[in-house]
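Have a look at target-v4.cif; it's mmCIF, C-alpha atoms and all ligand atoms:
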data_structure
loop_
_atom_site.label_atom_id
_atom_site.label_comp_id
_atom_site.auth_asym_id
_atom_site.auth_seq_id
_atom_site.Cartn_x
_atom_site.Cartn_y
_atom_site.Cartn_z
CA MET A 288 -34.89 18.73 6.06
CA ASN A 289 -34.16 15.57 7.93
CA LEU A 290 -30.88 15.18 9.76
CA LYS A 291 -29.18 13.20 7.06
CA LYS A 292 -30.03 15.79 4.42
CA LYS A 293 -28.80 18.55 6.72
CA ILE A 294 -25.46 16.83 7.16
CA THR A 295 -25.10 16.24 3.46
CA ALA A 296 -25.84 19.90 2.72
CA ALA A 297 -23.23 21.02 5.22
CA VAL A 298 -20.67 18.72 3.70
CA VAL A 299 -21.40 19.86 0.17
CA ALA A 300 -21.04 23.49 1.21
CA ALA A 301 -17.80 22.69 2.97
CA THR A 302 -16.49 20.80 0.00
CA LEU A 303 -17.26 23.65 -2.36
CA SER A 304 -15.42 26.10 -0.19
CA VAL A 305 -12.49 23.74 -0.17
CA SER A 306 -12.22 23.56 -3.90
CA LEU A 307 -12.22 27.34 -4.00
CA THR A 308 -9.81 27.98 -1.19
CA ILE A 309 -7.19 25.28 -1.32
CA GLY A 310 -4.07 26.39 -3.07
CA ALA A 311 -5.14 29.93 -2.40
CA PRO A 312 -4.37 31.49 0.98
CA VAL A 313 -5.47 29.12 3.70
CA ALA A 314 -7.87 30.50 6.22
CA SER A 315 -6.75 31.19 9.73
CA ALA A 316 -8.13 29.12 12.56
CA GLY A 317 -11.72 29.72 13.47
CA THR A 318 -13.04 30.68 10.08
CA ALA A 319 -15.65 28.63 8.32
CA GLU A 320 -13.38 27.62 5.51
CA THR A 321 -12.91 23.95 5.37
CA ILE A 322 -10.30 21.55 4.26
CA ILE A 323 -11.84 18.35 5.45
CA GLY A 324 -15.33 18.48 6.83
CA VAL A 325 -16.49 16.36 9.70
CA GLY A 326 -18.76 14.63 7.23
CA SER A 327 -15.83 13.35 5.25
CA VAL A 328 -17.25 9.87 5.58
CA LEU A 329 -20.09 11.08 3.41
CA ILE A 330 -17.98 12.51 0.64
CA GLY A 331 -16.35 10.12 -1.72
CA ALA A 332 -12.95 8.71 -0.90
CA SER A 333 -11.53 9.98 -4.15
CA GLN A 334 -12.75 13.49 -3.41
CA GLN A 335 -11.23 13.39 0.04
CA ASN A 336 -8.02 12.18 -1.50
CA ALA A 337 -7.98 15.04 -3.95
CA GLN A 338 -8.46 17.49 -1.07
CA LEU A 339 -5.57 16.00 0.85
CA ASN A 340 -3.35 16.12 -2.21
CA LYS A 341 -4.11 19.79 -2.65
CA MET A 342 -3.44 20.44 1.00
CA ILE A 343 -0.13 18.58 0.88
CA ARG A 344 0.92 20.47 -2.24
CA HIS A 345 0.11 23.72 -0.49
CA TYR A 346 2.41 22.96 2.46
CA ASP A 347 5.08 21.17 0.51
CA GLU A 348 5.36 23.32 -2.57
CA SER A 349 4.01 26.81 -2.03
CA GLU A 350 6.10 29.47 -0.35
CA GLN A 351 3.09 30.57 1.67
CA GLY A 352 2.28 27.05 2.83
CA ARG A 353 5.76 26.34 4.07
CA GLN A 354 5.90 29.68 5.87
CA GLU A 355 2.65 28.75 7.63
CA LEU A 356 4.18 25.47 8.76
CA PHE A 357 7.37 27.24 9.84
CA ASP A 358 5.37 29.68 11.98
CA ALA A 359 3.27 26.87 13.45
CA PHE A 360 6.40 24.91 14.38
CA LYS A 361 7.93 27.93 16.09
CA GLN A 362 4.76 28.58 18.01
CA LYS A 363 4.33 24.98 19.09
CA TYR A 364 7.91 24.12 20.02
CA GLY A 365 9.28 27.54 20.97
CA VAL A 366 12.39 29.21 19.59
CA SER A 367 15.67 28.75 21.46
CA GLN A 368 17.22 31.94 22.81
CA ASN A 369 20.70 30.41 22.60
CA THR A 370 22.49 32.45 19.93
CA ALA A 371 25.56 30.18 19.93
CA TYR A 372 23.34 27.22 18.97
CA LYS A 373 21.65 29.27 16.29
CA GLU A 374 25.02 30.24 14.83
CA ARG A 375 26.15 26.63 14.90
CA LEU A 376 23.03 25.52 13.05
CA ASP A 377 23.48 28.33 10.49
CA LYS A 378 26.99 27.05 9.83
CA ILE A 379 25.88 23.41 9.61
CA MET A 380 23.05 24.29 7.22
CA ALA A 381 25.38 26.34 4.99
CA ASN A 382 27.91 23.49 4.82
CA LEU A 383 25.32 20.77 4.29
CA THR A 384 23.38 22.77 1.71
CA LYS A 385 26.55 22.75 -0.42
CA GLY A 386 27.02 19.04 0.24
CA VAL A 387 23.43 18.26 -0.75
CA ALA A 388 23.69 20.47 -3.86
CA ALA A 389 26.68 18.43 -5.06
CA VAL A 390 24.46 15.32 -5.02
CA ASP A 391 21.01 16.83 -5.65
CA PRO A 392 20.88 20.33 -7.23
CA THR A 393 17.10 20.59 -6.68
CA ILE A 394 17.89 21.99 -3.22
CA LYS A 395 18.65 25.31 -4.93
CA GLU A 396 14.99 25.68 -5.88
CA LYS A 397 13.76 25.05 -2.34
CA PRO A 398 16.31 26.01 0.31
CA TYR A 399 15.54 24.87 3.86
CA ILE A 400 13.89 27.10 6.42
CA TYR A 401 14.95 26.09 9.90
CA PHE A 402 15.37 27.08 13.53
CA VAL A 403 16.64 25.80 16.88
CA SER A 404 13.59 24.87 18.95
CA ALA A 405 13.40 25.42 22.71
CA GLN A 406 12.77 21.71 23.35
CA THR A 407 15.25 19.99 25.65
CA SER A 408 15.10 16.46 24.26
CA VAL A 409 17.62 15.15 21.72
CA ASN A 410 15.59 15.50 18.59
CA ALA A 411 15.20 17.06 15.15
CA ALA A 412 12.45 17.08 12.56
CA CYS A 413 11.95 17.88 8.90
CA SER A 414 8.41 18.43 7.70
CA MET A 415 6.88 19.28 4.36
CA GLY A 416 8.20 22.26 2.45
CA HIS A 417 11.79 21.73 3.71
CA VAL A 418 10.79 23.12 7.10
CA MET A 419 13.27 21.90 9.68
CA MET A 420 14.02 22.25 13.36
CA VAL A 421 16.73 20.95 15.65
CA ASN A 422 16.07 20.90 19.39
CA GLU A 423 18.17 22.84 21.85
CA GLY A 424 18.55 19.51 23.69
CA THR A 425 20.44 18.10 20.73
CA PHE A 426 23.07 20.82 21.11
CA ASN A 427 23.12 20.34 24.90
CA GLN A 428 23.87 16.63 24.66
CA ILE A 429 25.88 16.42 21.45
CA THR A 430 28.89 18.71 21.43
CA SER A 431 30.43 17.53 18.16
CA GLU A 432 29.39 19.70 15.22
CA ASP A 433 30.13 16.79 12.89
CA GLU A 434 27.64 14.57 14.73
CA ILE A 435 24.92 17.22 14.65
CA ALA A 436 25.63 17.58 10.93
CA ALA A 437 25.09 13.82 10.61
CA ILE A 438 21.66 14.17 12.25
CA VAL A 439 20.72 17.16 10.09
CA GLY A 440 21.98 15.34 6.96
CA HIS A 441 19.57 12.49 7.75
CA GLU A 442 16.72 14.99 8.05
CA MET A 443 17.67 16.57 4.73
CA GLY A 444 17.53 13.10 3.16
CA HIS A 445 13.87 12.95 4.22
CA GLY A 446 13.39 16.49 2.90
CA GLN A 447 15.03 15.97 -0.49
CA LYS A 448 12.95 12.88 -1.16
CA SER A 449 9.71 14.48 0.14
CA HIS A 450 9.17 11.54 2.46
CA VAL A 451 6.68 13.41 4.61
CA ALA A 452 4.49 14.51 1.74
CA LYS A 453 4.71 11.13 0.02
CA GLY A 454 4.36 8.82 2.92
CA ASN A 455 1.87 10.28 5.30
CA LYS A 456 -1.40 10.97 3.61
CA LYS A 457 -3.18 8.24 5.52
CA VAL A 458 -1.72 9.35 8.82
CA LEU A 459 -2.76 12.94 8.20
CA GLN A 460 -6.22 11.85 7.18
CA LYS A 461 -6.66 9.86 10.38
CA GLN A 462 -5.36 12.66 12.55
CA VAL A 463 -7.61 15.24 10.96
CA ILE A 464 -10.65 13.04 11.41
CA ALA A 465 -9.63 12.20 14.99
CA SER A 466 -9.20 15.87 15.81
CA LEU A 467 -12.76 16.47 14.65
CA ALA A 468 -14.24 13.72 16.77
CA GLY A 469 -16.63 15.19 19.29
CA THR A 470 -17.15 18.44 17.43
CA ALA A 471 -20.65 19.41 16.35
CA VAL A 472 -22.03 17.91 13.20
CA GLY A 473 -21.29 20.14 10.26
CA SER A 474 -18.36 21.91 11.90
CA ALA A 475 -15.23 22.17 9.85
CA ILE A 476 -11.53 22.34 10.30
CA GLY A 477 -9.83 25.48 9.12
CA GLY A 478 -6.43 25.97 7.55
CA GLY A 479 -4.85 27.32 10.72
CA GLN A 480 -6.06 24.36 12.71
CA LEU A 481 -4.72 22.04 10.10
CA THR A 482 -1.31 23.69 10.15
CA SER A 483 -1.13 23.16 13.87
CA ILE A 484 -2.17 19.52 13.49
CA ILE A 485 0.71 18.99 11.08
CA ALA A 486 3.10 20.83 13.39
CA GLY A 487 1.84 18.68 16.24
CA LEU A 488 2.73 15.61 14.28
CA ALA A 489 6.31 16.75 13.79
CA PHE A 490 7.73 14.41 16.35
CA ASN A 491 5.44 11.57 15.53
CA HIS A 492 7.74 9.15 13.77
CA SER A 493 5.12 8.17 11.25
CA VAL A 494 5.02 11.72 9.97
CA ALA A 495 8.42 13.23 10.61
CA HIS A 496 10.07 9.89 10.01
CA GLY A 497 8.55 7.33 7.78
CA THR A 498 8.82 3.69 7.12
CA ARG A 499 11.93 1.62 7.59
CA LYS A 500 12.57 1.98 3.88
CA TYR A 501 12.55 5.79 4.17
CA GLU A 502 14.78 5.69 7.24
CA THR A 503 17.40 3.61 5.49
CA GLU A 504 17.21 5.88 2.45
CA ALA A 505 17.62 9.00 4.63
CA ASP A 506 20.59 7.43 6.44
CA MET A 507 22.36 6.60 3.22
CA LEU A 508 21.63 10.00 1.66
CA GLY A 509 22.92 11.68 4.81
CA PHE A 510 26.19 9.79 4.35
CA ASP A 511 26.45 10.86 0.70
CA TYR A 512 25.81 14.49 1.64
CA ILE A 513 28.38 14.53 4.42
CA THR A 514 31.07 13.06 2.16
CA HIS A 515 30.60 16.18 0.03
CA THR A 516 31.42 18.47 2.97
CA ASN A 517 34.47 18.88 5.19
CA TYR A 518 32.75 17.04 8.02
CA ASN A 519 34.17 13.74 9.16
CA PRO A 520 32.23 10.97 7.37
CA GLY A 521 32.71 8.81 10.46
CA ALA A 522 30.38 11.13 12.38
CA CYS A 523 27.30 9.24 11.09
CA ALA A 524 28.48 6.00 12.72
CA ALA A 525 29.73 7.90 15.79
CA VAL A 526 26.39 9.56 16.51
CA MET A 527 24.61 6.20 16.23
CA GLN A 528 27.10 4.80 18.73
CA LYS A 529 26.23 7.70 21.02
CA PHE A 530 22.53 6.78 20.71
CA VAL A 531 23.32 3.14 21.51
CA GLU A 532 25.06 4.31 24.68
CA LEU A 533 22.36 6.84 25.61
CA GLU A 534 19.68 4.18 25.13
CA GLY A 535 21.65 1.77 27.27
CA ASN A 536 22.23 4.32 30.00
CA SER A 537 18.94 6.09 30.18
CA LYS A 538 16.52 3.63 28.61
CA ARG A 539 15.59 6.23 26.04
CA SER A 540 14.57 8.85 28.59
CA GLY A 541 16.63 11.58 26.97
CA LEU A 542 15.78 10.56 23.46
CA GLU A 543 12.50 10.89 21.73
CA LYS A 544 10.99 8.52 19.27
CA ILE A 545 12.31 10.32 16.28
CA PHE A 546 15.61 8.53 16.32
CA LEU A 547 14.33 5.43 18.01
CA PRO A 548 10.81 4.73 16.87
CA SER A 549 9.80 1.11 16.80
CA ASP A 550 9.96 0.98 13.03
CA HIS A 551 13.43 2.51 12.89
CA PRO A 552 16.12 -0.05 12.44
CA ASP A 553 17.81 0.10 15.84
CA SER A 554 20.76 2.38 16.41
CA ALA A 555 23.30 -0.45 16.50
CA LYS A 556 22.15 -1.71 13.10
CA ARG A 557 22.21 1.81 11.68
CA ARG A 558 25.74 2.27 13.06
CA ASP A 559 26.87 -0.99 11.47
CA ALA A 560 25.37 0.04 8.12
CA TYR A 561 27.41 3.27 8.31
CA VAL A 562 30.57 1.32 9.15
CA GLN A 563 29.94 -0.76 6.03
CA LYS A 564 29.56 2.47 4.00
CA LEU A 565 32.89 3.70 5.39
CA PHE A 566 34.54 0.38 4.49
CA GLU A 567 33.30 0.74 0.92
CA TYR A 568 34.20 4.44 0.80
CA SER A 569 37.78 3.49 1.74
CA GLY A 570 37.96 0.99 -1.13
CA LYS A 571 37.53 -1.84 1.39
CA HIS A 572 40.69 -1.05 3.32
CA VAL A 573 39.58 0.15 6.77
CA THR A 574 37.00 -0.75 9.37
CA ALA A 575 36.38 -0.54 13.13
CA LYS A 576 34.66 -2.61 15.78
CA ASP A 577 34.42 -2.06 19.54
CA GLY A 578 37.01 0.71 19.43
CA ILE A 579 39.59 -1.27 17.44
CA ILE A 580 40.69 0.09 14.05
CA THR A 581 41.67 -2.41 11.38
CA VAL A 582 43.61 -1.54 8.21
CA ASN A 583 43.86 -4.23 5.53
CA ASN A 584 42.67 -6.79 8.10
CA LYS A 585 45.49 -5.89 10.49
CA THR A 586 44.96 -4.14 13.81
CA LEU A 587 46.15 -0.53 13.81
CA ILE A 588 45.10 0.62 17.30
CA THR A 589 42.55 0.46 20.07
CA VAL A 590 41.26 4.03 20.39
CA ALA A 591 41.04 5.46 23.93
CA ALA A 592 37.96 7.21 25.27
CA SER A 593 37.99 11.02 25.58
CA ASP A 594 36.18 13.24 28.09
CA THR A 595 33.11 13.38 25.86
CA MET A 596 33.25 10.14 23.87
CA SER A 597 33.60 6.44 24.55
CA SER A 598 36.37 4.48 22.87
CA ALA A 599 33.91 3.15 20.27
CA GLU A 600 32.39 6.54 19.47
CA ARG A 601 35.78 8.20 19.07
CA SER A 602 37.08 5.28 16.97
CA TYR A 603 34.53 6.10 14.26
CA PHE A 604 36.09 9.54 13.85
CA VAL A 605 39.50 7.90 13.37
CA LEU A 606 37.88 5.47 10.93
CA GLY A 607 36.24 8.37 9.05
CA ASN A 608 39.63 10.08 8.70
CA LEU A 609 41.28 6.90 7.43
CA ALA A 610 38.42 6.20 5.01
CA ALA A 611 38.73 9.75 3.62
CA ALA A 612 42.51 9.33 3.27
CA TYR A 613 42.06 6.13 1.25
CA HIS A 614 39.20 7.59 -0.77
CA ASN A 615 41.31 10.61 -1.71
CA GLY A 616 44.47 8.63 -2.49
CA GLN A 617 46.43 9.94 0.51
CA ASN A 618 47.27 6.35 1.47
CA LYS A 619 49.88 6.37 -1.29
CA LYS A 620 51.86 8.85 0.80
CA GLU A 621 53.68 8.28 4.06
CA ALA A 622 52.17 8.40 7.52
CA THR A 623 53.94 11.11 9.51
CA VAL A 624 53.54 13.02 12.79
CA GLN A 625 52.86 16.75 12.63
CA ASN A 626 52.36 18.74 15.84
CA GLY A 627 51.39 15.60 17.71
CA THR A 628 48.87 14.46 15.09
CA VAL A 629 49.27 11.31 13.02
CA MET A 630 48.84 12.26 9.34
CA LEU A 631 48.39 10.08 6.28
CA GLY A 632 49.55 12.29 3.44
CA ASN A 633 47.73 15.56 4.11
CA GLN A 634 44.85 13.89 6.02
CA PRO A 635 44.89 14.11 9.84
CA ILE A 636 44.10 10.67 11.32
CA ILE A 637 44.35 10.90 15.11
CA SER A 638 45.69 13.24 17.78
CA PRO A 639 46.57 10.79 20.57
CA LEU A 640 45.13 11.45 24.03
CA ASP A 641 45.95 9.90 27.39
CA GLY A 642 45.35 6.20 26.97
CA ASP A 643 46.29 6.14 23.29
CA GLU A 644 49.65 4.90 22.05
CA ASP A 645 52.04 7.68 21.11
CA ALA A 646 51.77 9.27 17.68
CA TYR A 647 55.11 7.94 16.37
CA THR A 648 54.24 4.34 17.25
CA ILE A 649 50.87 4.67 15.50
CA ALA A 650 52.42 6.31 12.39
CA GLU A 651 55.08 3.61 12.16
CA ARG A 652 52.51 0.83 12.41
CA LEU A 653 50.27 2.51 9.86
CA ASN A 654 53.19 2.66 7.40
CA SER A 655 53.82 -1.05 7.87
CA ILE A 656 50.24 -2.14 7.15
CA LYS A 657 48.64 0.51 4.94
ZN ZN B 701 14.33 9.61 9.97
#
Translate this structure into structure tokens?
Ligand SMILES: [Zn+2]
Amino acid sequence: MNLKKKITAAVVAATLSVSLTIGAPVASAGTAETIIGVGSVLIGASQQNAQLNKMIRHYDESEQGRQELFDAFKQKYGVSQNTAYKERLDKIMANLTKGVAAVDPTIKEKPYIYFVSAQTSVNAACSMGHVMMVNEGTFNQITSEDEIAAIVGHEMGHGQKSHVAKGNKKVLQKQVIASLAGTAVGSAIGGGQLTSIIAGLAFNHSVAHGTRKYETEADMLGFDYITHTNYNPGACAAVMQKFVELEGNSKRSGLEKIFLPSDHPDSAKRRDAYVQKLFEYSGKHVTAKDGIITVNNKTLITVAASDTMSSAERSYFVLGNLAAAYHNGQNKKEATVQNGTVMLGNQPIISPLDGDEDAYTIAERLNSIK
């Protein structure tokens, strides 16, 4: 046999084993079972495509496949030992799962499997099969549960629309071939290796996060989900404001590409898109810019900074409360002060801090312009 014939024979054997094993239990690393042989250039493009489709279906749709990914993620990124963070994520996932179900009942057929990773950067990822992780660093840097829910809601938008499975075939193909470069002719990549390649791509924006179109879709879905929970809908804009400030302060050092990849619309634009959503959600009554809240085109207040938030970031929480009040018809009732908090009907709006005007002044002004 000449060399070319030898290679072809190896590829054919590999391909046959693929068609028998894919969809069935995937081999662990080191076995001879093959998903994509090194000779993939020799097999037809359509055949390679069919193999990738099978592989993607395995991870995205089968219970076994998604468990394999889940295990690979935990192994690669480590599992946080912080039980308080784990409990917080459990609570966020329970709340958001209900919020998603109100918009998209298919979540009931494929609930998310998730964990807090041991990574210290501000980051989160959702892969195929509704496998999700949120980094410990996210909880370290972001203390507001509402803002973490906004991040997780974005990830669930990717998950519900299967962005990873739909959008990344070419990326996966390239990575698999690249990972085989330099290996002996005829060697093959096993299922376990492949799982770890996919896990390794989790924080690559082109896999975990897709095109600009997908990012915008995930942002908008995240907003819809959160408006079906008790979280403050202003948290989506607020967390983007936090990213704007973190980027400005640290030049991205604390943030990984997942929220700021080059093909993401930048954080300021994403924040502004959320402010527009809030304006619409309120029936076009309320908005905010640079920490100043406007009701019916009249200035209500300039929101003071708190210990953990800038004036702008905190203003989006006030905006979220006002938008919810208008959305739910509470604006037809009086603004009052209860236990130091300005209320509009039964909706809390703001609990003034040092630097804010006093609650009675704010309530009075709100009544005059609402
Ligand atoms: Zn994304």
Residues of region 500-618 of chain A that have any atom at most 8 Å from an atom of region 632-656 of chain A: could you tabulate them with the shortest-distance atom pair and the distance in Å to one decimal, using only C-alpha atoms, ordered by chain and increasing number, as CSV?
residue,atom,partner,partner_atom,distance
A:Val582,CA,A:Ile656,CA,6.7
A:Asn583,CA,A:Ile656,CA,6.9
A:Lys585,CA,A:Ile656,CA,6.9
A:Leu587,CA,A:Leu653,CA,6.5
A:Ile588,CA,A:Ile649,CA,7.3
A:Thr589,CA,A:Asp643,CA,7.5
A:Val590,CA,A:Asp643,CA,6.2
A:Ala591,CA,A:Gly642,CA,5.3
A:Ala592,CA,A:Gly642,CA,7.6
A:Ser593,CA,A:Leu640,CA,7.3
A:Val605,CA,A:Ile636,CA,5.7
A:Asn608,CA,A:Ile636,CA,5.2
A:Leu609,CA,A:Ile636,CA,6.1
A:Ala611,CA,A:Gln634,CA,7.8
A:Ala612,CA,A:Gln634,CA,5.8
A:Gln617,CA,A:Gly632,CA,4.9
A:Asn618,CA,A:Gly632,CA,6.7
Practice task
Using all atoms listed in the file, collect all residues at a distance of at most 9 Å from (31.9, 17.9, 4.7) as written in the file, then present them as number ranges by chain.
Solution key: A: 382-383, 385-386, 433, 436, 512-520
Problem - Interatomic distance (Å, one decimal) between CA of Thr393 (chain A) and CA of Gly446 (chain A) - result: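 Distance reported for this atom pair: 11.1 Å.
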Practice task
Tell me, in Å to one decimal, how far CA of Gly444 (chain A) is from CA of Lys500 (chain A).
Solution key: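 Atom-to-atom, CA of Gly444 (chain A) and CA of Lys500 (chain A) are spaced 12.2 Å apart.
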Problem - Residue nearest Glu396 (chain A) - candidates A:Glu350, A:Leu631, A:Asn410, A:Gln368, atoms counted: only C-alpha atoms - result: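 The shortest atom-to-atom distance to Glu396 (chain A) comes from A:Glu350.
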Exercise for the section: Give the answer as one residue: which of A:Thr430, A:Thr623, A:Thr503, A:Thr581 has the shortest atom-to-atom distance to ligand ZN 701 (chain B), using all atoms listed in the file? Expected result: A:Thr503
Handout entry: Contacts of Thr595 (chain A) at 10 Å (all atoms listed in the file; same-chain gap of 3+ positions) as a ChimeraX atom specification
Key = /A:428-431,592,598,600-601
Problem - A:Gln338, A:Gln354, A:Ser449, A:Gln406 ranked by distance to ligand ZN 701 (chain B), top pick (using only C-alpha atoms and all ligand atoms) - result: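 Nearest to ligand ZN 701 (chain B): A:Ser449.
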Exercise for the section: Pick out the residues sitting within 8 Å of Gln528 (chain A), and hand them over as a VMD selection string; count all atoms listed in the file, and ignore anything fewer than 3 positions along from it in its own chain. Expected result: chain A and resid 524 to 525 531 to 532 554 to 555 558 599 to 600
Once you have the residues from the selection above, write them out as a PDB file, in the coordinates of the input, restricted to C-alpha atoms.
ATOM      1  CA  ALA A 524      28.480   6.000  12.720  1.00  0.00           C
ATOM      2  CA  ALA A 525      29.730   7.900  15.790  1.00  0.00           C
ATOM      3  CA  VAL A 531      23.320   3.140  21.510  1.00  0.00           C
ATOM      4  CA  GLU A 532      25.060   4.310  24.680  1.00  0.00           C
ATOM      5  CA  SER A 554      20.760   2.380  16.410  1.00  0.00           C
ATOM      6  CA  ALA A 555      23.300  -0.450  16.500  1.00  0.00           C
ATOM      7  CA  ARG A 558      25.740   2.270  13.060  1.00  0.00           C
ATOM      8  CA  ALA A 599      33.910   3.150  20.270  1.00  0.00           C
ATOM      9  CA  GLU A 600      32.390   6.540  19.470  1.00  0.00           C
TER      10      GLU A 600
END
Problem - Pick from A:Thr586, A:Ser483, A:Thr628, A:Ser414 nearest to ligand ZN 701 (chain B), counting all atoms listed in the file - result: A:Ser414
Practice task
Take CA of Asp511 (chain A) and CA of Val421 (chain A) and report the distance between them in Å, one decimal.
Solution key: 20.5 Å
